[in-house]
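Coordinates as given in data20.txt (compact mmCIF, C-alpha atoms and all ligand atoms):
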# COMPACT_ATOMS: atom_id res chain seq x y z
CA MET D 152 128.19 -41.57 -19.26
CA SER D 153 130.44 -43.54 -21.54
CA SER D 154 132.97 -46.27 -21.04
CA SER D 155 134.63 -45.94 -24.45
CA ALA D 156 135.63 -43.14 -26.78
CA LEU D 157 132.51 -41.60 -28.27
CA PRO D 158 132.34 -38.57 -30.57
CA SER D 159 131.63 -35.25 -28.92
CA SER D 160 127.97 -34.32 -29.01
CA SER D 161 125.65 -31.71 -27.55
CA ILE D 162 123.17 -34.56 -26.94
CA PRO D 163 123.99 -36.93 -24.06
CA LEU D 164 125.33 -40.24 -25.41
CA PHE D 165 125.17 -43.53 -23.51
CA ASP D 166 126.96 -46.69 -24.53
CA THR D 167 126.11 -48.84 -21.53
CA VAL D 168 122.73 -49.94 -20.23
CA VAL D 169 123.76 -49.01 -16.68
CA SER D 170 124.59 -45.40 -17.59
CA TYR D 171 121.42 -45.02 -19.66
CA ARG D 172 119.29 -46.44 -16.82
CA GLU D 173 120.55 -43.76 -14.46
CA TRP D 174 119.29 -41.12 -16.92
CA ARG D 175 116.01 -43.01 -17.38
CA ARG D 176 115.48 -43.19 -13.61
CA ARG D 177 115.62 -39.40 -13.38
CA ALA D 178 113.09 -39.10 -16.21
CA ARG D 179 110.78 -41.48 -14.32
CA ASP D 180 111.21 -39.56 -11.04
CA GLU D 181 110.31 -36.38 -12.92
CA LYS D 182 107.28 -38.13 -14.47
CA LYS D 183 108.49 -37.33 -17.98
CA SER D 184 107.25 -39.33 -20.97
CA VAL D 185 109.96 -40.88 -23.13
CA GLY D 186 109.50 -41.31 -26.89
CA TYR D 187 111.85 -43.77 -28.59
CA VAL D 188 113.11 -44.27 -32.14
CA ALA D 189 115.21 -47.40 -32.85
CA THR D 190 117.66 -47.04 -35.74
CA MET D 191 120.76 -48.53 -37.25
CA GLY D 192 122.12 -45.04 -37.97
CA ALA D 193 123.12 -43.47 -41.31
CA LEU D 194 120.25 -41.16 -40.56
CA HIS D 195 118.11 -39.58 -43.27
CA ASP D 196 114.87 -37.58 -43.39
CA GLY D 197 112.82 -40.78 -42.90
CA HIS D 198 114.43 -41.32 -39.50
CA LEU D 199 114.08 -37.64 -38.71
CA SER D 200 110.34 -37.74 -39.42
CA LEU D 201 110.04 -40.41 -36.69
CA VAL D 202 112.13 -38.31 -34.33
CA LYS D 203 110.04 -35.19 -34.99
CA ARG D 204 106.89 -37.14 -34.24
CA SER D 205 108.40 -38.30 -30.97
CA LEU D 206 109.53 -34.79 -30.07
CA ALA D 207 106.00 -33.50 -30.66
CA GLU D 208 104.35 -36.17 -28.50
CA ASN D 209 106.77 -36.75 -25.60
CA ASP D 210 108.60 -34.74 -22.97
CA LEU D 211 111.85 -36.51 -23.86
CA THR D 212 113.03 -38.32 -26.97
CA VAL D 213 115.65 -41.07 -27.10
CA LEU D 214 117.20 -42.68 -30.19
CA SER D 215 119.27 -45.80 -30.39
CA ILE D 216 121.88 -46.31 -33.06
CA PHE D 217 122.97 -49.92 -33.24
CA VAL D 218 123.82 -52.04 -36.27
CA ASN D 219 122.45 -55.35 -35.07
CA PRO D 220 124.52 -58.34 -36.28
CA ALA D 221 121.76 -60.83 -35.46
CA GLN D 222 119.43 -59.54 -38.17
CA PHE D 223 122.03 -59.86 -40.95
CA ALA D 224 122.47 -63.30 -42.51
CA PRO D 225 126.12 -64.32 -42.94
CA HIS D 226 126.01 -63.43 -46.66
CA GLU D 227 124.42 -60.00 -46.09
CA ASP D 228 125.95 -56.54 -45.79
CA LEU D 229 126.80 -56.22 -42.06
CA ALA D 230 130.42 -55.28 -42.79
CA THR D 231 129.59 -52.56 -45.30
CA TYR D 232 126.42 -51.19 -43.68
CA PRO D 233 126.91 -47.38 -43.57
CA ARG D 234 128.16 -46.17 -40.19
CA THR D 235 128.12 -42.37 -39.94
CA LEU D 236 127.82 -41.60 -36.23
CA PRO D 237 129.42 -38.09 -36.19
CA ARG D 238 127.15 -36.93 -39.02
CA ASP D 239 124.11 -38.60 -37.39
CA LEU D 240 124.79 -36.66 -34.20
CA GLU D 241 125.14 -33.41 -36.14
CA LEU D 242 121.76 -33.99 -37.80
CA LEU D 243 120.14 -34.74 -34.44
CA SER D 244 121.74 -31.72 -32.77
CA ALA D 245 120.26 -29.47 -35.47
CA LEU D 246 116.76 -30.87 -34.91
CA SER D 247 114.38 -28.75 -32.85
CA ILE D 248 110.63 -28.35 -32.78
CA PRO D 249 108.52 -26.16 -30.48
CA GLY D 250 106.97 -28.02 -27.53
CA PRO D 251 103.41 -27.33 -26.32
CA ASP D 252 104.51 -24.26 -24.34
CA GLY D 253 106.63 -22.96 -27.24
CA THR D 254 109.99 -23.92 -25.74
CA PRO D 255 112.16 -25.84 -28.21
CA ARG D 256 112.33 -29.61 -27.93
CA THR D 257 115.45 -31.39 -29.10
CA PRO D 258 116.52 -35.06 -28.90
CA SER D 259 117.32 -35.82 -25.25
CA ALA D 260 119.66 -38.82 -25.41
CA VAL D 261 121.22 -41.26 -27.86
CA PHE D 262 121.94 -44.87 -26.90
CA VAL D 263 124.92 -46.26 -28.84
CA PRO D 264 125.72 -49.64 -27.31
CA THR D 265 128.52 -51.94 -28.39
CA VAL D 266 127.79 -55.44 -29.69
CA ASP D 267 129.10 -56.90 -26.39
CA GLU D 268 126.75 -54.69 -24.41
CA MET D 269 123.72 -55.90 -26.38
CA TYR D 270 124.82 -59.55 -26.56
CA PRO D 271 126.48 -60.48 -23.27
CA SER D 272 126.40 -64.18 -24.32
CA GLY D 273 128.03 -63.29 -27.65
CA ILE D 274 126.42 -63.34 -31.09
CA SER D 275 126.96 -65.29 -34.27
CA GLN D 276 125.18 -64.39 -37.50
CA ASN D 277 124.82 -68.11 -38.08
CA THR D 278 121.66 -69.11 -36.20
CA GLN D 279 122.91 -72.71 -35.80
CA GLU D 280 125.81 -71.42 -33.73
CA GLN D 281 123.83 -69.00 -31.59
CA LYS D 282 123.72 -69.52 -27.84
CA GLY D 283 121.71 -67.58 -25.30
CA THR D 284 118.26 -66.02 -25.42
CA PHE D 285 116.44 -65.17 -28.65
CA VAL D 286 112.94 -63.96 -29.42
CA GLU D 287 110.94 -65.38 -32.30
CA VAL D 288 107.47 -64.24 -33.32
CA THR D 289 106.49 -67.63 -34.64
CA GLY D 290 104.21 -67.73 -37.66
CA TYR D 291 104.80 -64.12 -38.69
CA GLY D 292 108.42 -64.01 -39.76
CA HIS D 293 108.53 -66.31 -42.79
CA GLN D 294 106.27 -64.43 -45.21
CA MET D 295 107.06 -61.29 -47.28
CA GLU D 296 110.50 -60.09 -46.17
CA GLY D 297 111.01 -63.33 -44.24
CA ARG D 298 110.92 -65.39 -47.44
CA THR D 299 114.19 -63.88 -48.62
CA ARG D 300 115.55 -63.14 -45.14
CA PRO D 301 114.46 -66.15 -43.04
CA THR D 302 116.42 -65.20 -39.91
CA PHE D 303 115.88 -61.45 -40.15
CA PHE D 304 112.84 -61.08 -37.90
CA ARG D 305 114.31 -63.29 -35.17
CA GLY D 306 117.27 -60.92 -35.09
CA VAL D 307 115.03 -57.85 -35.07
CA ALA D 308 112.62 -59.19 -32.41
CA THR D 309 115.54 -60.19 -30.20
CA VAL D 310 117.36 -56.87 -30.36
CA VAL D 311 114.20 -54.78 -30.07
CA THR D 312 113.11 -56.73 -26.96
CA LYS D 313 116.48 -55.91 -25.41
CA LEU D 314 116.27 -52.28 -26.54
CA PHE D 315 112.73 -51.89 -25.18
CA ASN D 316 113.93 -53.37 -21.85
CA ALA D 317 116.81 -50.94 -21.70
CA ILE D 318 115.12 -47.79 -23.01
CA GLU D 319 111.69 -48.27 -21.36
CA PRO D 320 109.81 -46.09 -23.84
CA THR D 321 106.42 -44.57 -23.13
CA ARG D 322 105.83 -44.38 -26.89
CA THR D 323 107.81 -45.73 -29.80
CA TYR D 324 107.87 -44.95 -33.52
CA PHE D 325 108.63 -47.23 -36.46
CA GLY D 326 108.55 -46.53 -40.19
CA GLN D 327 105.98 -47.81 -42.66
CA LYS D 328 108.84 -48.57 -45.07
CA ASP D 329 109.49 -51.65 -42.92
CA ILE D 330 105.80 -52.35 -42.34
CA GLN D 331 106.10 -56.07 -41.58
CA GLN D 332 108.76 -55.27 -38.98
CA ALA D 333 106.53 -52.65 -37.30
CA LEU D 334 103.44 -54.88 -37.23
CA LEU D 335 105.42 -57.89 -36.02
CA LEU D 336 106.96 -55.82 -33.23
CA ARG D 337 103.54 -54.59 -32.17
CA ARG D 338 102.40 -58.21 -32.01
CA MET D 339 105.50 -59.04 -29.97
CA THR D 340 104.80 -56.31 -27.41
CA ARG D 341 101.28 -57.72 -27.07
CA ASP D 342 102.39 -61.36 -26.82
CA LEU D 343 105.11 -60.56 -24.26
CA LEU D 344 102.72 -58.35 -22.22
CA LEU D 345 105.16 -55.47 -22.44
CA SER D 346 104.22 -52.22 -20.77
CA HIS D 347 107.09 -50.06 -22.08
CA PRO D 348 105.88 -49.74 -24.71
CA ASP D 349 102.46 -51.31 -24.69
CA PRO D 350 101.13 -52.23 -28.15
CA GLU D 351 98.84 -49.17 -28.35
CA HIS D 352 101.87 -46.92 -28.02
CA LEU D 353 103.79 -48.37 -30.94
CA TYR D 354 103.10 -45.98 -33.82
CA ILE D 355 103.78 -46.47 -37.53
CA VAL D 356 104.88 -43.34 -39.39
CA PRO D 357 104.32 -43.09 -43.19
CA THR D 358 107.28 -43.59 -45.51
CA THR D 359 109.27 -40.46 -46.33
CA ARG D 360 110.11 -40.31 -50.03
CA ASP D 361 112.53 -38.38 -52.17
CA PRO D 362 110.46 -35.36 -53.26
CA SER D 363 111.44 -35.60 -56.92
CA THR D 364 111.60 -39.38 -57.56
CA SER D 365 109.33 -40.78 -54.79
CA LEU D 366 112.05 -43.30 -53.93
CA ALA D 367 111.57 -44.42 -50.31
CA LEU D 368 114.45 -42.98 -48.28
CA SER D 369 116.68 -45.75 -46.93
CA SER D 370 120.16 -45.93 -45.47
CA ARG D 371 121.01 -48.50 -48.14
CA ASN D 372 120.30 -45.93 -50.89
CA ALA D 373 123.84 -44.76 -50.09
CA TYR D 374 125.11 -47.87 -51.90
CA LEU D 375 123.55 -46.70 -55.19
CA SER D 376 125.23 -44.61 -57.88
CA PRO D 377 123.50 -41.26 -58.61
CA TYR D 378 122.10 -42.76 -61.86
CA GLU D 379 120.75 -45.83 -60.05
CA ARG D 380 119.25 -43.67 -57.29
CA GLU D 381 117.54 -41.21 -59.62
CA HIS D 382 116.57 -43.36 -62.58
CA VAL D 383 116.53 -47.04 -61.61
CA ALA D 384 115.59 -47.50 -57.94
CA PRO D 385 112.32 -45.47 -58.22
CA ALA D 386 110.98 -48.27 -60.46
CA LEU D 387 110.01 -50.26 -57.37
CA TYR D 388 107.53 -47.67 -56.13
CA ALA D 389 106.33 -47.08 -59.72
CA ALA D 390 105.64 -50.83 -59.97
CA LEU D 391 103.73 -50.79 -56.66
CA GLN D 392 101.71 -47.80 -57.85
CA ALA D 393 100.87 -49.65 -61.09
CA VAL D 394 99.55 -52.53 -58.96
CA GLN D 395 97.57 -50.14 -56.77
CA SER D 396 95.79 -48.58 -59.79
CA ALA D 397 95.08 -51.99 -61.30
CA TRP D 398 93.87 -53.40 -57.98
CA GLU D 399 91.57 -50.45 -57.41
CA ALA D 400 90.20 -50.89 -60.94
CA GLY D 401 89.21 -54.47 -60.04
CA VAL D 402 91.96 -56.34 -61.90
CA THR D 403 92.86 -59.82 -60.56
CA LYS D 404 95.87 -60.13 -58.29
CA ALA D 405 97.82 -62.22 -60.80
CA GLU D 406 97.32 -59.57 -63.48
CA CYS D 407 98.26 -56.80 -61.00
CA VAL D 408 101.54 -58.53 -60.21
CA GLN D 409 102.18 -59.06 -63.91
CA ARG D 410 101.81 -55.31 -64.48
CA ALA D 411 104.40 -54.62 -61.80
CA GLN D 412 106.80 -57.04 -63.43
CA THR D 413 106.27 -55.22 -66.74
CA VAL D 414 107.22 -51.89 -65.14
CA ILE D 415 110.44 -53.40 -63.79
CA GLU D 416 111.17 -55.13 -67.10
CA GLU D 417 110.77 -51.84 -69.01
CA LYS D 418 113.12 -50.12 -66.59
CA ARG D 419 115.67 -52.90 -67.02
CA ARG D 420 115.59 -52.46 -70.81
CA GLU D 421 115.85 -48.66 -70.50
CA ALA D 422 118.79 -48.84 -68.08
CA GLY D 423 120.72 -51.22 -70.28
CA GLU D 424 123.34 -53.86 -69.55
CA SER D 425 125.37 -51.77 -67.13
CA VAL D 426 122.61 -51.88 -64.49
CA ASP D 427 121.78 -55.18 -62.81
CA LEU D 428 118.09 -54.82 -61.94
CA ARG D 429 116.17 -57.81 -60.55
CA LEU D 430 112.77 -58.04 -58.92
CA ASP D 431 112.83 -60.13 -55.73
CA TYR D 432 109.07 -60.16 -55.20
CA ILE D 433 105.86 -58.17 -55.50
CA GLU D 434 103.04 -59.59 -53.42
CA ILE D 435 99.78 -58.73 -51.71
CA ASN D 436 99.48 -60.08 -48.18
CA ASP D 437 96.88 -60.01 -45.47
CA ALA D 438 97.85 -57.30 -42.96
CA GLU D 439 96.83 -59.42 -39.99
CA SER D 440 98.21 -62.90 -40.83
CA PHE D 441 100.83 -61.76 -43.40
CA GLU D 442 99.70 -64.69 -45.55
CA VAL D 443 99.64 -64.24 -49.32
CA LEU D 444 96.21 -63.12 -50.48
CA ALA D 445 94.76 -65.93 -52.55
CA ASP D 446 93.44 -64.98 -55.96
CA PRO D 447 90.60 -64.57 -56.76
CA VAL D 448 88.64 -65.87 -53.75
CA GLN D 449 90.01 -63.59 -51.05
CA ARG D 450 89.91 -60.68 -53.47
CA GLU D 451 86.12 -60.93 -53.39
CA GLU D 452 86.11 -61.11 -49.61
CA TRP D 453 88.40 -58.14 -49.47
CA GLU D 454 86.10 -56.12 -51.70
CA ALA D 455 83.12 -56.96 -49.50
CA GLU D 456 84.91 -55.55 -46.47
CA ALA D 457 87.21 -53.15 -48.30
CA GLU D 458 87.06 -50.32 -45.80
CA GLY D 459 87.70 -52.46 -42.77
CA ARG D 460 90.38 -54.84 -43.96
CA PRO D 461 93.60 -53.41 -45.30
CA VAL D 462 96.06 -55.54 -47.23
CA ILE D 463 99.74 -54.89 -47.79
CA LEU D 464 101.13 -54.54 -51.27
CA SER D 465 104.88 -54.88 -50.89
CA GLY D 466 107.94 -55.59 -52.93
CA ALA D 467 111.69 -55.91 -52.95
CA MET D 468 114.09 -55.30 -55.77
CA TRP D 469 117.80 -55.73 -56.31
CA VAL D 470 119.86 -52.99 -57.93
CA GLY D 471 123.19 -54.76 -58.20
CA LYS D 472 124.03 -55.89 -54.66
CA THR D 473 121.62 -53.43 -53.07
CA ARG D 474 118.25 -54.75 -51.95
CA LEU D 475 115.48 -52.16 -51.69
CA ILE D 476 112.00 -52.61 -50.21
CA ASP D 477 108.80 -50.60 -50.34
CA ASN D 478 105.07 -51.01 -49.78
CA ILE D 479 101.64 -49.45 -50.14
CA VAL D 480 98.74 -50.26 -47.82
CA LEU D 481 95.54 -50.90 -49.77
CA GLY D 482 92.45 -50.09 -47.74
CA ALA D 483 92.03 -48.52 -44.33
CA ARG D 484 95.62 -47.66 -43.33
CA HIS D 485 94.64 -46.15 -40.01
CA THR D 486 93.40 -49.53 -38.73
CA LEU D 487 97.05 -50.65 -38.78
CA GLY D 488 97.98 -47.76 -36.50
CA ILE D 489 99.63 -45.80 -39.30
CA VAL D 490 99.55 -42.19 -38.16
CA ASP D 491 98.90 -39.29 -40.56
N1 LIG D 501 111.82 -43.58 -45.63
C1 LIG D 501 111.44 -43.84 -44.41
N2 LIG D 501 110.32 -43.27 -43.92
C2 LIG D 501 109.90 -43.52 -42.66
N3 LIG D 501 110.55 -44.32 -41.79
C3 LIG D 501 111.68 -44.90 -42.22
C4 LIG D 501 112.18 -44.69 -43.53
N4 LIG D 501 113.32 -45.40 -43.68
C5 LIG D 501 113.52 -46.03 -42.50
N5 LIG D 501 112.54 -45.73 -41.64
C6 LIG D 501 112.38 -46.27 -40.29
O1 LIG D 501 113.46 -45.90 -39.47
C7 LIG D 501 113.67 -46.92 -38.50
C8 LIG D 501 115.11 -47.31 -38.51
O2 LIG D 501 115.40 -47.89 -39.77
P1 LIG D 501 116.84 -48.20 -40.29
O3 LIG D 501 117.83 -47.55 -39.41
O4 LIG D 501 116.99 -49.63 -40.64
O5 LIG D 501 116.90 -47.34 -41.63
P2 LIG D 501 116.61 -47.76 -43.08
O6 LIG D 501 116.72 -46.57 -43.92
O7 LIG D 501 115.34 -48.54 -43.08
O8 LIG D 501 117.82 -48.68 -43.41
P3 LIG D 501 117.90 -49.86 -44.42
O9 LIG D 501 118.50 -49.28 -45.62
O10 LIG D 501 118.76 -50.77 -43.64
O11 LIG D 501 116.55 -50.44 -44.65
C9 LIG D 501 112.74 -48.08 -38.86
O12 LIG D 501 111.58 -47.99 -38.07
C10 LIG D 501 112.42 -47.78 -40.30
O13 LIG D 501 111.19 -48.31 -40.73
C1 LIG D 502 114.35 -51.90 -35.67
C2 LIG D 502 115.85 -51.99 -35.92
C3 LIG D 502 116.54 -50.77 -35.36
C4 LIG D 502 116.36 -53.23 -35.16
O1 LIG D 502 117.72 -53.38 -35.35
C5 LIG D 502 116.13 -52.16 -37.42
O2 LIG D 502 115.61 -53.33 -37.93
C6 LIG D 502 115.72 -50.96 -38.21
O3 LIG D 502 116.46 -49.98 -38.16
O4 LIG D 502 114.67 -50.96 -38.87
N1 LIG D 503 115.32 -51.26 -41.93
C1 LIG D 503 115.48 -52.67 -41.73
C2 LIG D 503 116.85 -53.05 -41.29
C3 LIG D 503 117.49 -54.09 -42.15
O1 LIG D 503 117.15 -54.21 -43.34
O2 LIG D 503 118.37 -54.80 -41.66
Just dump the structure as structure tokens.
Ligand SMILES: Nc1ncnc2c1ncn2[C@@H]1O[C@H](COP(=O)(O)OP(=O)(O)OP(=O)(O)O)[C@@H](O)[C@H]1O
Ligand SMILES: CC(C)(CO)[C@@H](O)C(=O)[O-]
Ligand code: BAL
Amino acid sequence: MSSSALPSSSIPLFDTVVSYREWRRRARDEKKSVGYVATMGALHDGHLSLVKRSLAENDLTVLSIFVNPAQFAPHEDLATYPRTLPRDLELLSALSIPGPDGTPRTPSAVFVPTVDEMYPSGISQNTQEQKGTFVEVTGYGHQMEGRTRPTFFRGVATVVTKLFNAIEPTRTYFGQKDIQQALLLRRMTRDLLLSHPDPEHLYIVPTTRDPSTSLALSSRNAYLSPYEREHVAPALYAALQAVQSAWEAGVTKAECVQRAQTVIEEKRREAGESVDLRLDYIEINDAESFEVLADPVQREEWEAEAEGRPVILSGAMWVGKTRLIDNIVLGARHTLGIVD
């Protein structure tokens, strides 16, 4: 099952594609559906909501835990990204939901490849130095998150193509917190004519939030101090909610964005000098093209078709060295394949 030392786990662990494929072949022979959740580990209730969804809808559920160097720019936090595999496995082992016949369903396998396994030609975080095969979803990776992280989606599309090839999921589940990632990956499955999964079987699961502060759960929240987590970081979602109310009241986009900036500015003043709070962006983008929604012309178009044409209100904010993202879909969420 494994070629290197892996923690003990009640769930089968695979760290090579060959060993995983043997398991996958048996699942295919037994005509079992395989649900798949891709993660970078440091699991939290947001990840677990995706896993529960997969458990409910598939005979078998596989997770991958892989911190993908290719999606981190050289100046980003690859070295410090939280790696908590033993705890992740404990959380997964404790997860069980009743299947259709009442028998408990638990995660079936966890794929934990090494960097060499995923990048046989090697991998540099510097795109100029990269050699080998990469996947780019041209035209969809430079807006929103791609403005600040220009090489991020190339890294994500590349690793997820490899993971889809290895895992061969029947269905796969991504989080709304990273909505551009999920929509771009659905486009990629369509463009590459993938069958495992096909685009219709890539589901987007709503963002899980902290019940008391509404902060979107994120592995990177672990970088924050308790004060930052409880009192500062929730300002991003509060700012997005302020935009949502203004937008729904018919306010222009420019004024909406200004209101969000005011929320962040007030929080910065309240938190004082000791907290370094900076807005990266707040924007409203077309959910299909990801292009920035022009103001006011497209606003009128949007209103005319409001029910049919969702737009994405998203933002990113720095709390010290920690970059947090969040979003709200304005309009008909379900047309983006966001499940309830
Ligand atoms: N709060 C959340 N609710 C729902 N899905 C989530 C949430 N957070 C992450 N996910 C989803 O879990 C999957 C794996 O994400 P990942 O392992 O990068 O965790 P993360 O918390 O997003 O980490 P990061 O702090 O790096 O953004 C992605 O599809 C992501 O969208
Ligand atoms: C999809 C993913 C696992 C690819 O590394 C990552 O970007 C994530 O966890 O969202
Ligand atoms: N959840 C997205 C992974 C990343 O920010 O690298």
Mind checking which residues fall within 12 Å of region 405-418 of chain D, counting all atoms listed in the file, ignoring those fewer than 4 positions away in the same chain, and posting them as a PyMOL selection string? chain D and resi 379+382-401+422-424+426-435+443-447+450+464-470
So which residues are near ligand LIG 501 (chain D), meaning at most 7 Å away with all atoms listed in the file counted, given back as a ChimeraX atom specification? /D:188-194,197-198,200-201,324-330,333,356-360,367-372
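With CA of Val288 (chain D) on one side and CA of Thr302 (chain D) on the other, the separation reads 11.2 Å.
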May I ask which of the residues D:Ala221, D:Val307, D:Val286, D:Ile248 is the closest one to Gly273 (chain D), counting all atoms listed in the file?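 Checking each of D:Ala221, D:Val307, D:Val286, D:Ile248 against Gly273 (chain D), counting all atoms listed in the file, the winner is D:Ala221.
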Calculate how many Å separate CA of Val448 (chain D) from CA of Asn436 (chain D), rounding to one decimal. 13.5 Å
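As for CA of Leu334 (chain D) and CA of Gln276 (chain D), they are spaced 23.7 Å apart.
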Among listed residues D:Val261, D:Val168, D:Ser275, D:Ile355, nearest Leu229 (chain D) (using all atoms listed in the file):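 Of the candidates, the smallest distance to Leu229 (chain D) is held by D:Ser275.
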Box time for ligand LIG 502 (chain D): axis-aligned, enclosing all its listed atoms, 8 Å extra on each side; report centre and edge lengths in Å to one decimal, as JSON.
{"center_x": 116.0, "center_y": -51.7, "center_z": -37.0, "size_x": 19.4, "size_y": 19.4, "size_z": 19.7}
List every protein, DNA or RNA residue with an atom no more than 10 Å from (122.3, -42.4, -26.6) in the file's coordinates, counting only C-alpha atoms, and format the result as a list in words.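 Applying the cut-off with only C-alpha atoms, one gets Met152, Ser153, Ile162, Pro163, Leu164, Phe165, Asp166, Thr167, Val168, Ser170, Tyr171, Val213, Leu214, Ser215, Ile216, Leu240, Pro258, Ser259, Ala260, Val261, Phe262, Val263, Pro264 and Ile318 of chain D.
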Nearest to ligand LIG 502 (chain D) among D:Asp210, D:Glu280, D:Glu241, D:Glu296, with distances taken over all atoms listed in the file: which residue is it? D:Glu296
Restricting the calculation to all atoms listed in the file: of D:Asp252, D:Glu421, D:Glu319, D:Glu451, which residue gets closest to Lys183 (chain D)?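 Distance minimum relative to Lys183 (chain D) lands on D:Glu319.
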Identify which of the residues D:Leu211, D:Leu336, D:Leu246, D:Val169 lies closest to ligand LIG 502 (chain D), counting all atoms listed in the file when measuring atom-to-atom distances.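 For ligand LIG 502 (chain D), the nearest of the given residues is D:Leu336.
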Which residue of D:Gln449, D:Gln279, D:Gln294, D:Thr309 approaches ligand LIG 502 (chain D) most closely, using only C-alpha atoms and all ligand atoms: D:Thr309
